[in-house]
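For reference, the structure is listed below as structure tokens.
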Amino acid sequence: MQFDGEELTFRRVFNYVFGLYLITLGVAFSIKSGLGSAPVSSIPYAIDLIWLINIGVATFIFHAILVFIEWILLRDDFKRKHFLQVFVGVLFGVFTSFSVSLMNFIPPADSFLLALLMSFFSVLIIALGLFFYVPTNLIPLSVEGVTQAIAIVTDRPFSKIKVYLDISIVSIALALSYGFLGQLGSVGIGTIIGALLIGTTVKYIHKLNLHITGNNVDLKKM
């Protein structure tokens with residue numbers, strides 16, 4: 001079976017689904033740390049806190065908006081399959097709700113050091129998830145779709161654009177939280193750590209993979 005000119009193998013589909021789930025697991029760990037949500041979920045989590053909308057539903061709304069932005073950026077290069085990112089947002093929302101519910105079985109961090117370790121672990125899991133699913137070139141999550149679109153339009157590395165975009169998303173989440181709640185809300189030191197380190201961690205995972213396997217993974221392929 002072919003998808004977008006490439007063979008749709010079991011490994012390709014597995015890496016895609018597994019990578020997406022790893023990202024939501026990282027998101028859940030970031031929320032559980034109590035130091036703020038991961039950048040990818042900071043705006044949906046802020047929406048959840050402000051308007052009491054389920055984080056899964058808020059995630060879907062957020063990703064639908066990002067798909068529209070991606071369409072504006074790519075124009076004629078925007079492929080029809082990219083509209084499916086809206087539905088991938090539904091899957092991501094379901095995964096997120098499930099992963100967050102799993103965290104109920106884990107006791108909350110009883111020290112700042114443990115919370116900080118959970119935040120760094122979240123960064124590692126999310127970066128690993130990105131490395132698994134983005135190169136499959138199936139249907140990117142809209143956050144990565146926008147990252148790829150900006151990287152293509154500006155001819156900059158995916159990992160660098162990822163850092164810039166995460167910082168922008170966190171800034172918007174901070175503005176929403178402070179404007180409506182009068183507090184940091186979904187943003188904390190863990191969110192900032194994620195915004196600064198996830199893209200960089202992806203870069204080093206890519207370098208490590210290249211050193212071990214000799215395979216140069218294309219993170220900008222759409």
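Simple scheme: letters A, B, ... for chains in structure tokens order, numbers from 1 for residues in each chain, numbers from 1 for ligands in the order shown.
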Just want the 8 Å neighbourhood of stretch 180-194 of chain A, counted on only C-alpha atoms, with same-chain residues fewer than 6 positions away dropped. Output as a ChimeraX atom specification.
/A:30,33,35-39,42-43,45-46,49-50,116,119-120,122-123,166-167,170,173-174
Could you turn the residues from that selection into a file that holds N, CA, C and O atoms, as a compact mmCIF listing (two decimals), in the first residue's frame?
# COMPACT_ATOMS: atom_id res chain seq x y z
N SER A 30 4.83 16.44 32.26
CA SER A 30 5.08 17.86 32.52
C SER A 30 3.98 18.44 33.39
O SER A 30 4.25 19.23 34.31
N SER A 33 4.29 17.19 36.98
CA SER A 33 5.40 17.78 37.73
C SER A 33 4.95 18.99 38.55
O SER A 33 5.57 19.34 39.55
N LEU A 35 5.11 21.94 37.48
CA LEU A 35 5.95 23.08 37.09
C LEU A 35 5.51 23.67 35.76
O LEU A 35 6.27 24.34 35.08
N GLY A 36 4.26 23.39 35.38
CA GLY A 36 3.76 23.90 34.10
C GLY A 36 3.69 22.81 33.06
O GLY A 36 4.41 21.82 33.13
N SER A 37 2.82 22.99 32.08
CA SER A 37 2.66 21.99 31.04
C SER A 37 3.77 22.10 30.01
O SER A 37 4.51 23.08 29.97
N ALA A 38 3.89 21.08 29.16
CA ALA A 38 4.84 21.13 28.05
C ALA A 38 4.39 22.20 27.07
O ALA A 38 3.19 22.52 26.99
N PRO A 39 5.32 22.80 26.31
CA PRO A 39 4.94 23.87 25.37
C PRO A 39 3.80 23.49 24.43
O PRO A 39 2.90 24.29 24.20
N SER A 42 0.62 23.91 26.32
CA SER A 42 0.46 25.06 27.21
C SER A 42 -0.77 25.90 26.86
O SER A 42 -1.49 26.36 27.76
N ILE A 43 -1.04 26.10 25.57
CA ILE A 43 -2.23 26.86 25.19
C ILE A 43 -3.51 26.06 25.46
O ILE A 43 -4.44 26.59 26.07
N TYR A 45 -3.94 23.75 27.66
CA TYR A 45 -4.07 23.66 29.11
C TYR A 45 -4.55 24.99 29.68
O TYR A 45 -5.37 25.02 30.61
N ALA A 46 -4.09 26.11 29.10
CA ALA A 46 -4.56 27.43 29.53
C ALA A 46 -6.06 27.57 29.23
O ALA A 46 -6.82 28.08 30.06
N LEU A 49 -7.97 25.66 31.81
CA LEU A 49 -8.03 26.35 33.10
C LEU A 49 -8.96 27.56 33.07
O LEU A 49 -9.66 27.85 34.04
N ILE A 50 -8.97 28.27 31.93
CA ILE A 50 -9.76 29.51 31.83
C ILE A 50 -11.24 29.24 31.61
O ILE A 50 -12.11 29.75 32.32
N LEU A 116 11.50 18.86 39.07
CA LEU A 116 12.42 19.29 38.02
C LEU A 116 12.87 18.10 37.17
O LEU A 116 12.94 18.20 35.93
N SER A 119 10.24 17.19 34.80
CA SER A 119 10.19 18.12 33.67
C SER A 119 11.24 17.78 32.62
O SER A 119 10.96 17.78 31.41
N PHE A 120 12.46 17.46 33.07
CA PHE A 120 13.52 17.09 32.13
C PHE A 120 13.19 15.75 31.45
O PHE A 120 13.49 15.56 30.27
N SER A 122 10.21 14.75 30.82
CA SER A 122 9.19 15.11 29.85
C SER A 122 9.82 15.61 28.56
O SER A 122 9.39 15.24 27.45
N VAL A 123 10.85 16.45 28.67
CA VAL A 123 11.56 16.98 27.50
C VAL A 123 12.14 15.84 26.67
O VAL A 123 12.00 15.81 25.44
N ASP A 166 8.12 27.05 19.94
CA ASP A 166 7.74 26.69 21.31
C ASP A 166 7.75 27.90 22.22
O ASP A 166 6.86 28.08 23.06
N ILE A 167 8.75 28.76 22.05
CA ILE A 167 8.83 29.98 22.85
C ILE A 167 7.63 30.89 22.55
O ILE A 167 7.03 31.49 23.46
N VAL A 170 4.47 29.35 24.17
CA VAL A 170 4.50 29.57 25.62
C VAL A 170 4.18 31.02 25.95
O VAL A 170 3.47 31.29 26.93
N ALA A 173 0.46 31.42 25.70
CA ALA A 173 -0.17 30.75 26.85
C ALA A 173 -0.03 31.59 28.11
O ALA A 173 -0.96 31.70 28.91
N LEU A 174 1.15 32.20 28.26
CA LEU A 174 1.40 33.06 29.43
C LEU A 174 0.49 34.28 29.40
O LEU A 174 -0.08 34.68 30.43
DSSP on the backbone: which residues in stretch 64-208 of chain A end up as alpha helix (DSSP H)? Give the answer as a PyMOL selection string.
chain A and resi 64-74+85-102+112-133+142-154+158-181+189-208
Using only C-alpha atoms, which residues sit within 12 Å of A:Phe18 once same-chain residues fewer than 2 positions away are excluded, as a PyMOL selection string?
chain A and resi 10-16+20-25+92+95+125-126+128-134+136
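With only C-alpha atoms as the atoms that count, the minimum distance from A:Leu138 to the choices A:Tyr204, A:Phe83, A:Phe112, A:Phe105 is reached by A:Phe83.
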When you draw a straight line from atom CA of A:Leu52 to atom CA of A:Val88, how long is it in Å?
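Straight-line distance from atom CA of A:Leu52 to atom CA of A:Val88 works out to 22.5 Å.
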Nearest-residue call for A:Gly199, choices A:Asp77, A:Glu144, A:Glu7, A:Asp48, using only C-alpha atoms
A:Glu144
